[in-house]
Structure formats: structure tokens, C-alpha cells
>>> print(open('input14.cif').read())   # mmCIF, C-alpha atoms and all ligand atoms
data_work
#
loop_
_atom_site.label_atom_id
_atom_site.label_comp_id
_atom_site.auth_asym_id
_atom_site.auth_seq_id
_atom_site.Cartn_x
_atom_site.Cartn_y
_atom_site.Cartn_z
CA MET A 1 24.67 -6.95 -6.39
CA GLU A 2 25.14 -9.55 -3.63
CA LYS A 3 23.02 -12.70 -4.01
CA ARG A 4 22.46 -15.74 -1.84
CA LEU A 5 20.70 -19.06 -2.28
CA ILE A 6 18.68 -20.42 0.64
CA LYS A 7 16.26 -23.31 1.12
CA LYS A 8 12.65 -22.25 0.72
CA ASP A 9 11.68 -23.87 4.01
CA ALA A 10 14.34 -21.81 5.82
CA LEU A 11 12.45 -18.53 5.25
CA ALA A 12 10.28 -18.67 8.38
CA GLY A 13 13.32 -19.44 10.57
CA ILE A 14 15.24 -16.51 9.07
CA ALA A 15 12.32 -14.13 9.71
CA LYS A 16 12.03 -15.33 13.32
CA LYS A 17 15.77 -15.08 13.94
CA MET A 18 15.71 -11.53 12.56
CA ALA A 19 12.73 -10.73 14.80
CA GLY A 20 14.91 -11.61 17.79
CA ASP A 21 17.14 -8.65 16.91
CA ILE A 22 14.90 -6.10 15.12
CA PRO A 23 11.12 -5.55 15.06
CA VAL A 24 9.84 -7.56 12.06
CA TRP A 25 6.43 -7.28 10.43
CA ALA A 26 5.46 -10.36 8.42
CA PRO A 27 2.38 -12.04 6.95
CA VAL A 28 0.52 -14.06 9.61
CA LYS A 29 -2.39 -16.43 8.95
CA GLU A 30 -5.57 -15.89 10.96
CA GLU A 31 -8.40 -18.24 9.99
CA ASP A 32 -8.87 -17.66 6.24
CA ASN A 33 -7.01 -14.37 6.07
CA VAL A 34 -3.42 -13.20 6.10
CA PHE A 35 -2.47 -9.97 7.87
CA PHE A 36 0.85 -8.19 8.32
CA LYS A 37 1.65 -8.28 12.03
CA PRO A 38 4.67 -7.77 14.27
CA LEU A 39 6.40 -11.15 14.71
CA GLN A 40 6.52 -12.25 18.31
CA ASN A 41 7.68 -15.49 19.92
CA ASP A 42 4.31 -17.21 19.65
CA VAL A 43 3.45 -15.83 16.19
CA GLU A 44 4.43 -17.85 13.11
CA PRO A 45 5.06 -16.09 9.79
CA PHE A 46 3.11 -17.49 6.83
CA PHE A 47 4.71 -17.07 3.44
CA ALA A 48 2.54 -19.45 1.35
CA TYR A 49 0.02 -16.72 0.63
CA LEU A 50 -1.02 -14.92 -2.55
CA ASN A 51 -1.78 -11.56 -1.00
CA SER A 52 -2.66 -10.26 2.43
CA LYS A 53 -6.08 -8.96 3.45
CA ASN A 54 -4.67 -5.63 4.58
CA ALA A 55 -2.03 -3.69 2.69
CA PRO A 56 1.21 -3.30 4.67
CA LYS A 57 1.21 0.50 4.14
CA ASN A 58 0.05 0.83 7.76
CA VAL A 59 3.63 0.19 8.93
CA PHE A 60 4.51 3.67 7.55
CA PHE A 61 1.07 5.23 7.66
CA PRO A 62 -0.82 3.74 10.67
CA HIS A 63 -4.61 3.69 10.89
CA THR A 64 -4.35 6.15 13.77
CA GLU A 65 -1.27 8.00 14.90
CA MET A 66 -0.65 10.57 17.62
CA LEU A 67 1.01 13.58 15.99
CA LEU A 68 1.51 15.66 19.12
CA LYS A 69 0.20 16.27 22.61
CA TYR A 70 -0.29 19.47 24.55
CA THR A 71 -1.23 20.95 27.89
CA ARG A 72 -2.95 24.27 28.47
CA THR A 73 -1.16 26.21 31.19
CA GLU A 74 -1.55 29.70 32.59
CA LYS A 75 1.30 30.82 30.36
CA GLY A 76 -0.14 29.25 27.21
CA PHE A 77 0.08 25.86 25.49
CA VAL A 78 2.99 23.51 26.07
CA PHE A 79 3.48 21.08 23.18
CA ALA A 80 5.27 17.73 23.13
CA ALA A 81 5.97 15.14 20.43
CA GLY A 82 3.39 12.40 19.92
CA GLU A 83 4.01 8.88 21.13
CA ASN A 84 5.07 7.36 17.82
CA LYS A 85 6.94 4.14 17.39
CA THR A 86 10.25 4.90 15.74
CA GLY A 87 13.38 2.89 15.21
CA GLU A 88 14.61 0.33 12.72
CA ALA A 89 12.20 -2.33 11.51
CA VAL A 90 11.87 -4.93 8.77
CA LEU A 91 8.85 -5.59 6.60
CA PHE A 92 9.39 -9.22 5.60
CA GLY A 93 7.57 -10.93 2.73
CA VAL A 94 5.77 -8.05 1.01
CA ARG A 95 4.31 -8.78 -2.41
CA PRO A 96 5.73 -6.75 -5.34
CA CYS A 97 2.47 -4.84 -5.90
CA ASP A 98 2.54 -3.62 -2.29
CA ALA A 99 6.24 -2.72 -2.52
CA HIS A 100 5.31 -0.75 -5.67
CA SER A 101 2.69 1.09 -3.61
CA PHE A 102 5.43 2.36 -1.25
CA VAL A 103 7.15 4.05 -4.20
CA LEU A 104 3.84 5.70 -5.11
CA LEU A 105 3.20 6.83 -1.52
CA ASP A 106 6.74 8.25 -1.34
CA LYS A 107 5.83 10.58 -4.21
CA LEU A 108 3.17 12.17 -2.04
CA PHE A 109 4.59 11.97 1.49
CA ASP A 110 8.27 12.53 0.68
CA GLN A 111 8.37 15.41 -1.78
CA GLU A 112 11.32 17.74 -2.02
CA LYS A 113 9.22 20.69 -0.86
CA TYR A 114 6.66 18.94 1.36
CA LYS A 115 7.72 16.14 3.66
CA ASP A 116 5.49 14.23 6.03
CA GLY A 117 8.01 13.58 8.81
CA TYR A 118 5.86 10.91 10.47
CA TYR A 119 5.75 8.79 7.29
CA VAL A 120 9.29 9.53 6.12
CA ASP A 121 10.85 8.60 9.47
CA LYS A 122 9.26 5.15 9.54
CA ARG A 123 9.82 4.56 5.83
CA GLN A 124 13.53 5.41 6.02
CA LYS A 125 14.11 3.20 9.05
CA THR A 126 12.32 0.17 7.60
CA THR A 127 13.92 -2.42 5.34
CA VAL A 128 11.50 -3.87 2.79
CA ILE A 129 11.95 -7.54 1.90
CA THR A 130 9.83 -8.41 -1.12
CA LEU A 131 8.65 -11.96 -1.81
CA ALA A 132 8.13 -12.30 -5.55
CA CYS A 133 4.90 -13.88 -6.84
CA SER A 134 5.98 -17.16 -8.41
CA GLU A 135 2.74 -19.09 -7.82
CA PRO A 136 -0.33 -18.69 -10.07
CA PRO A 137 -1.97 -15.40 -9.03
CA TYR A 138 -5.53 -14.51 -8.11
CA ALA A 139 -7.76 -13.97 -11.16
CA THR A 140 -8.16 -10.40 -9.88
CA CYS A 141 -4.44 -9.51 -10.03
CA PHE A 142 -3.62 -6.99 -12.78
CA CYS A 143 -0.23 -5.55 -11.78
CA THR A 144 1.12 -5.77 -15.34
CA SER A 145 -1.46 -3.21 -16.53
CA VAL A 146 -0.29 -0.60 -14.00
CA ASP A 147 3.51 -0.65 -14.41
CA GLY A 148 4.12 -3.60 -12.09
CA GLU A 149 5.35 -7.17 -12.44
CA PRO A 150 4.94 -10.27 -10.26
CA VAL A 151 8.73 -10.58 -9.96
CA SER A 152 9.99 -7.04 -9.39
CA SER A 153 12.45 -5.31 -7.09
CA GLU A 154 10.70 -1.94 -7.29
CA GLY A 155 10.35 -0.59 -3.75
CA ALA A 156 12.36 -3.52 -2.34
CA ASP A 157 15.61 -3.51 -0.40
CA ILE A 158 15.83 -7.29 -0.73
CA LEU A 159 14.04 -9.41 -3.35
CA ILE A 160 13.37 -13.09 -2.63
CA THR A 161 12.25 -15.29 -5.52
CA ALA A 162 11.30 -18.95 -5.07
CA ILE A 163 13.01 -21.09 -7.68
CA GLY A 164 11.94 -24.68 -7.06
CA GLY A 165 12.89 -25.77 -3.54
CA ASP A 166 15.30 -22.86 -3.17
CA CYS A 167 15.00 -19.10 -2.97
CA LEU A 168 17.24 -16.63 -4.72
CA VAL A 169 17.88 -13.69 -2.39
CA GLU A 170 19.01 -10.46 -4.08
CA PHE A 171 20.28 -7.54 -1.99
CA VAL A 172 18.98 -4.60 -3.99
CA THR A 173 20.03 -1.64 -1.82
CA PRO A 174 22.75 -0.93 0.79
CA LYS A 175 19.97 -1.00 3.42
CA GLY A 176 19.13 -4.54 2.31
CA GLU A 177 22.81 -5.57 2.34
CA LYS A 178 22.96 -4.78 6.05
CA LEU A 179 20.81 -7.87 6.66
CA ILE A 180 22.97 -10.22 4.57
CA LYS A 181 24.23 -12.13 7.64
CA TYR A 182 20.80 -13.68 8.17
CA PHE A 183 20.86 -15.37 4.74
CA GLY A 184 23.98 -17.55 5.08
CA GLU A 185 27.07 -17.90 2.94
CA ASN A 186 25.76 -19.83 -0.07
CA LYS A 187 26.38 -17.43 -2.96
CA ALA A 188 23.98 -17.69 -5.91
CA ASP A 189 25.40 -18.54 -9.33
CA ALA A 190 24.36 -17.78 -12.93
CA ALA A 191 22.15 -20.89 -12.97
CA ALA A 192 20.04 -19.38 -10.17
CA ASP A 193 19.69 -16.15 -12.19
CA ALA A 194 18.55 -18.12 -15.23
CA LYS A 195 15.96 -19.97 -13.13
CA LYS A 196 14.71 -16.70 -11.69
CA ASN A 197 14.30 -15.21 -15.17
CA GLU A 198 12.29 -18.26 -16.19
CA VAL A 199 10.07 -17.93 -13.08
CA ALA A 200 9.62 -14.19 -13.82
CA SER A 201 8.51 -14.77 -17.43
CA LYS A 202 6.07 -17.50 -16.42
CA ALA A 203 4.65 -15.39 -13.59
CA LYS A 204 4.17 -12.41 -15.91
CA ALA A 205 2.39 -14.57 -18.49
CA ALA A 206 0.11 -15.93 -15.74
CA ILE A 207 -1.42 -12.47 -15.11
CA LYS A 208 -4.44 -12.74 -17.38
CA SER A 209 -6.45 -9.78 -16.11
CA LYS A 210 -5.61 -6.67 -18.15
CA ILE A 211 -7.06 -3.19 -18.07
CA PRO A 212 -6.43 -0.19 -20.37
CA ALA A 213 -5.13 1.87 -17.40
CA HIS A 214 -2.84 4.06 -19.51
CA GLU A 215 -5.51 4.89 -22.06
CA VAL A 216 -8.03 6.57 -19.79
CA LYS A 217 -6.13 9.69 -18.67
CA PRO A 218 -6.92 11.81 -21.79
CA ILE A 219 -10.56 10.64 -21.59
CA LEU A 220 -10.80 11.60 -17.90
CA ASP A 221 -9.21 14.98 -18.72
CA ASN A 222 -12.24 15.91 -20.79
CA ASN A 223 -15.19 14.11 -19.22
CA PHE A 224 -15.70 15.41 -15.69
CA GLU A 225 -19.41 15.98 -16.40
CA HIS A 226 -20.01 12.92 -18.61
CA PRO A 227 -23.29 11.02 -17.98
CA PHE A 228 -21.13 7.91 -17.47
CA TRP A 229 -20.59 9.00 -13.85
CA ASN A 230 -24.28 8.23 -13.20
CA THR A 231 -23.72 4.55 -13.98
CA ILE A 232 -21.27 3.26 -11.31
CA HIS A 233 -22.35 4.39 -7.91
CA ALA A 234 -26.02 3.39 -7.50
CA ARG A 235 -25.27 0.22 -5.54
CA CYS A 236 -22.21 1.57 -3.66
CA LEU A 237 -22.79 1.33 0.11
CA ALA A 238 -20.16 3.96 0.96
CA CYS A 239 -18.59 1.39 3.29
CA GLY A 240 -15.03 2.51 2.48
CA THR A 241 -13.72 -1.07 2.25
CA CYS A 242 -12.14 -0.40 -1.15
CA THR A 243 -10.16 2.57 0.15
CA TYR A 244 -9.19 1.10 3.53
CA LEU A 245 -7.76 -2.05 1.91
CA CYS A 246 -6.11 -0.22 -0.97
CA PRO A 247 -2.30 -0.01 -0.71
CA THR A 248 -2.18 3.38 -2.42
CA CYS A 249 -5.12 5.22 -0.80
CA HIS A 250 -3.82 7.73 1.70
CA CYS A 251 -6.57 10.19 2.68
CA PHE A 252 -6.61 11.11 6.35
CA ASP A 253 -8.32 13.30 8.88
CA ILE A 254 -6.74 15.15 11.82
CA SER A 255 -8.66 15.64 15.05
CA ASP A 256 -7.94 16.90 18.56
CA GLU A 257 -9.07 14.94 21.60
CA VAL A 258 -9.12 17.12 24.70
CA LYS A 259 -9.66 16.15 28.32
CA GLY A 260 -9.41 18.95 30.85
CA ALA A 261 -6.19 20.88 30.18
CA ASP A 262 -4.61 18.06 28.15
CA GLY A 263 -5.06 17.29 24.50
CA VAL A 264 -3.71 15.03 21.79
CA ARG A 265 -3.73 15.59 18.04
CA ILE A 266 -4.46 12.40 16.13
CA ARG A 267 -4.26 11.50 12.46
CA SER A 268 -6.68 8.77 11.30
CA TRP A 269 -7.34 7.17 7.94
CA ASP A 270 -10.32 8.63 6.12
CA SER A 271 -12.02 7.74 2.86
CA CYS A 272 -13.28 9.68 -0.14
CA MET A 273 -16.13 7.15 -0.20
CA PHE A 274 -17.59 8.62 3.02
CA PRO A 275 -20.18 11.43 2.81
CA LEU A 276 -18.53 13.24 5.75
CA PHE A 277 -15.14 13.34 4.06
CA THR A 278 -15.87 16.59 2.22
CA LYS A 279 -18.72 17.96 4.32
CA GLU A 280 -17.94 21.51 5.32
CA THR A 281 -18.79 23.17 8.63
CA SER A 282 -21.54 25.16 6.91
CA GLY A 283 -23.28 21.91 6.01
CA HIS A 284 -22.42 22.26 2.31
CA ASN A 285 -20.92 19.19 0.70
CA PRO A 286 -19.14 19.69 -2.64
CA ARG A 287 -19.43 15.94 -3.26
CA PRO A 288 -23.09 15.53 -2.28
CA SER A 289 -23.70 11.99 -3.55
CA GLN A 290 -21.85 8.73 -4.13
CA LYS A 291 -21.66 9.69 -7.80
CA GLU A 292 -19.19 12.50 -7.08
CA ARG A 293 -17.29 10.31 -4.61
CA TRP A 294 -16.83 7.49 -7.10
CA ARG A 295 -15.75 10.00 -9.75
CA GLN A 296 -13.19 11.37 -7.27
CA ARG A 297 -11.80 7.91 -6.50
CA THR A 298 -11.41 7.11 -10.20
CA MET A 299 -10.01 10.54 -11.07
CA HIS A 300 -7.55 10.47 -8.18
CA LYS A 301 -6.10 7.15 -9.24
CA PHE A 302 -6.08 7.51 -13.02
CA LYS A 303 -5.90 11.28 -13.65
CA TYR A 304 -4.86 13.47 -10.70
CA TYR A 305 -1.96 11.25 -9.58
CA VAL A 306 -0.78 11.09 -13.19
CA ASP A 307 -1.04 14.91 -13.42
CA ASN A 308 0.86 15.41 -10.16
CA PHE A 309 3.36 12.55 -10.09
CA ASN A 310 3.30 10.99 -13.56
CA SER A 311 2.12 7.69 -12.05
CA ILE A 312 -1.14 5.78 -11.85
CA ALA A 313 -2.19 5.39 -8.19
CA CYS A 314 -3.22 1.76 -8.47
CA VAL A 315 -0.90 -1.25 -8.30
CA GLY A 316 -3.38 -3.85 -9.51
CA CYS A 317 -3.55 -5.82 -6.25
CA GLY A 318 -7.25 -6.56 -6.78
CA ARG A 319 -8.18 -6.09 -3.09
CA CYS A 320 -10.99 -3.65 -3.88
CA VAL A 321 -12.33 -6.07 -6.51
CA ILE A 322 -12.32 -9.06 -4.16
CA ASN A 323 -13.71 -7.27 -1.11
CA CYS A 324 -16.33 -4.84 -2.37
CA PRO A 325 -19.57 -6.17 -0.84
CA VAL A 326 -21.60 -5.21 -3.91
CA ASN A 327 -19.05 -6.32 -6.52
CA ILE A 328 -18.12 -2.99 -8.02
CA ASP A 329 -15.05 -3.76 -10.10
CA ILE A 330 -12.55 -0.98 -10.80
CA ARG A 331 -11.27 -2.97 -13.77
CA LYS A 332 -14.68 -2.70 -15.43
CA VAL A 333 -14.90 1.00 -14.57
CA VAL A 334 -11.58 1.62 -16.33
CA GLU A 335 -12.57 -0.60 -19.25
CA ASP A 336 -15.87 1.30 -19.66
CA ILE A 337 -14.12 4.69 -19.49
CA SER A 338 -11.72 3.62 -22.23
CA LYS A 339 -14.71 3.14 -24.53
CA LEU A 340 -16.33 6.55 -23.91
S1 LIG B 401 -7.49 0.52 -6.58
FE1 LIG B 401 -7.98 -1.60 -6.02
S2 LIG B 401 -6.64 -2.84 -7.34
FE2 LIG B 401 -5.83 -0.75 -7.39
S3 LIG B 401 -4.26 -0.72 -5.78
FE3 LIG B 401 -6.19 -0.01 -4.84
S4 LIG B 401 -7.14 -1.87 -3.95
FE4 LIG B 401 -5.53 -2.53 -5.39
S1 LIG B 402 -16.10 -1.29 -1.26
FE1 LIG B 402 -17.73 -1.18 -2.81
S2 LIG B 402 -19.57 -0.60 -1.64
FE2 LIG B 402 -17.81 -0.16 -0.29
S3 LIG B 402 -17.34 2.03 -0.74
FE3 LIG B 402 -16.05 0.78 -2.12
S4 LIG B 402 -17.24 0.65 -4.03
FE4 LIG B 402 -18.67 1.31 -2.41
#
>>> encode(input="input14.cif", output="C-alpha cells")
Amino acid sequence: MEKRLIKKDALAGIAKKMAGDIPVWAPVKEEDNVFFKPLQNDVEPFFAYLNSKNAPKNVFFPHTEMLLKYTRTEKGFVFAAGENKTGEAVLFGVRPCDAHSFVLLDKLFDQEKYKDGYYVDKRQKTTVITLACSEPPYATCFCTSVDGEPVSSEGADILITAIGGDCLVEFVTPKGEKLIKYFGENKADAAADAKKNEVASKAKAAIKSKIPAHEVKPILDNNFEHPFWNTIHARCLACGTCTYLCPTCHCFDISDEVKGADGVRIRSWDSCMFPLFTKETSGHNPRPSQKERWRQRTMHKFKYYVDNFNSIACVGCGRCVINCPVNIDIRKVVEDISKL
């Protein structure tokens, strides 16, 4: 594997230089929050962050996306491709939990039998540059309980790890190697590897929040009707914040917008926390209250995804814990289930 050593303070310059040649998405500071945004001339990347407010999954799976457009003519409908942004891009400075989420989303959107061309196209054309977590994490980070690590190359094409005033840059995949020219000629030696291993061990030990994520699947298998499901949801506002910020949530709705003879078909994010999500045309709703919706969210992450893809659909980023307006904590939910 090719490796380079760069100065830590050179990172922003490298991202901007790259953005001169290829569209680059990077973390950008706005007031107290950090968002992934396309880098433009007057936009500075910000890499001294713990995690971004939004998950960068929207680069592959946008909030709204035109799937196709059509016109009604006398001879029938004429269809055309939607106006999607395609082409090579770079996602620069993603945290390892979010890069892990891409691997989980691939399992759904890029199956051998079923492929979501809109997602797969953007995913395949985008190079993921992961920025390892070497600083003390948020108290809400629990990646190590859900098969992740703060220094991990899973889902990355390039892994950058800060080791003191330098960064070790590892080119994990051939796609990552194509960007090697931006990182100079200074080859990393064994001493840099040793420092990285030290940083990785310390970072792993710094994740103090642990949940019994792997223990709850057999309990969920047998407790769909357990009275426990009456205990979580009472204060849930059904705002959908937890699902919209989650890097692994992927529910969507498809709607047609028609004006005269012209129409567009649009895919938009949706949320299992919303009452309308499962409401049928007849008016019947198979998930009539927030109780059933919270059960679905828990089951989807810790049972159904394990059944279907042998993976837990949570990467331990803690966004839902930090941002839920009524402090519902998925870590406590999992902890409580493990004791049923
Ligand atoms: S469920 Fe919460 S902690 Fe887990 S990946 Fe989603 S937002 Fe992050
Ligand atoms: S963020 Fe909290 S209040 Fe909003 S839907 Fe999720 S659990 Fe309910």
C-alpha cells in the first residue's frame, strides 16, 4: 500500500487544490455547526471537527433527487432521464463512522440482484477520503460497540491519520491511489506506522460509551409484542430529526409533480418516525402510533438489517443522541432491551 507523510496544516490546501480539478465535498464550519458542502473558491474546509451535523450520505443519496421527467403527448408519454449530477467527485475528511455507513448502505442499494442505479453511479464515481478520529471523541460516540473503530479504513479509499504535527496518508484502494499526486513525494516510513498504531489504540480506548448492540438481536426476535415497547415513545415528537441526521437511515418516498403535460418523478427522504410514512390510501395505518414507529426504528437497525445483511444498521455516531429534542437515547433503548 502506498503511504505518504504530509504536514497537518497542509490538509486544507490539498483539499482546495483538488477542488480546482474535481468537485470536492468537505466539512465546512457554519456558526457552531459543521456541514459537508461542495468546496468553492470562497469556502474554507474545516478539519478540526469531531463530527458533522449532517451525515455525508447525501452525496450518494440526496435529500431530493429527480429520477426522471416526462411529457404527455398525443402518442403517449415520452420519458427522459432526470437531471442528476453525475461525474467524478471526492468526499474529503469523512469520519470513520460515516465511511462505515457507506458500506452498510451499499448492502441495500448495491445488491447483486437489486441495484439502485442513482446511488450506485454516484458512489462508484466518488473517492472517499477518511479522516481518522485521533482527538478525544464526543461522550456520545460508541462506534466500537457496532463494529467500528475511530481509526479505520473501512469504506475509505484514502485514510488520513494525524500523528502529532504530521498526517500519515494511506492509499487504501486503486481509486484512492489515483489522487496520490496531491499528497507530495514524502514517503512514510515504519516509524509513521508505529505512531499511527499508537494513535489508534489510544483513540479506541477513549471511546467510553458502550452498548450491548450484538446481544439484542435474539431478544428482538422474540419480543415484537413485549410491553417494553410502551415505554420509549411517549415523549417522542415524531420530528424525524433522529432519522434525517442518521448516516444509515435510508427510507424514501417517490412522488410525481405534474404541471400541464409535463411531469417529474422525484425521490425524497422520508422517515419511519412520521405518521404518514405507512398510512395507506384507505386511511388505515399499520403503525398507528409512535409506539409502533419506535419499535420499527429499533427493529430495523438491530434485527431486520442483521437478518438481511448480517450487519447492525447503526455506526455509533451519536447524532440521534445529541440532537433528539426530548433526549431519547438509543443507547439506553438498546441497554434496556438487553435486560428484558
Ligand atoms: S442510530 Fe443514531 S447513533 Fe446510530 S448511526 Fe444512526 S444517528 Fe448514529
Ligand atoms: S429525534 Fe427524538 S423526538 Fe424526534 S422523532 Fe427521533 S426520537 Fe422522536
>>> residues_near_ligand(input="input14.cif", ligand="ligand LIG 401 (chain B)", cutoff="9 Å", atoms="all atoms listed in the file", output="VMD selection string")
chain A and resid 55 97 to 98 101 140 to 143 146 242 to 249 297 to 298 301 313 to 323 329 to 331
>>> residues_around(input="input14.cif", residues="A:Arg295", least_positions_apart="5", cutoff="10 Å", atoms="all atoms listed in the file", output="MDAnalysis selection string")
chainID A and resid 220 224:225 228:230 232:233 272:273 287 290 300
>>> residues_near_ligand(input="input14.cif", ligand="ligand LIG 402 (chain B)", cutoff="6 Å", atoms="only C-alpha atoms and all ligand atoms", output="list in words")
Cys236, Leu237, Ala238, Cys239, Gly240, Thr241, Cys242, Met273, Cys324, Pro325, Val326 and Ile328 of chain A
>>> residues_around(input="input14.cif", residues="A:Asp106", least_positions_apart="2", cutoff="10 Å", atoms="all atoms listed in the file", output="ChimeraX atom specification")
/A:101-104,108-111,115-116,119-120,123,155
>>> closest_residue(input="input14.cif", among="A:Lys122, A:Lys202, A:Lys175, A:His63", to="A:Ala89", atoms="only C-alpha atoms")
A:Lys122
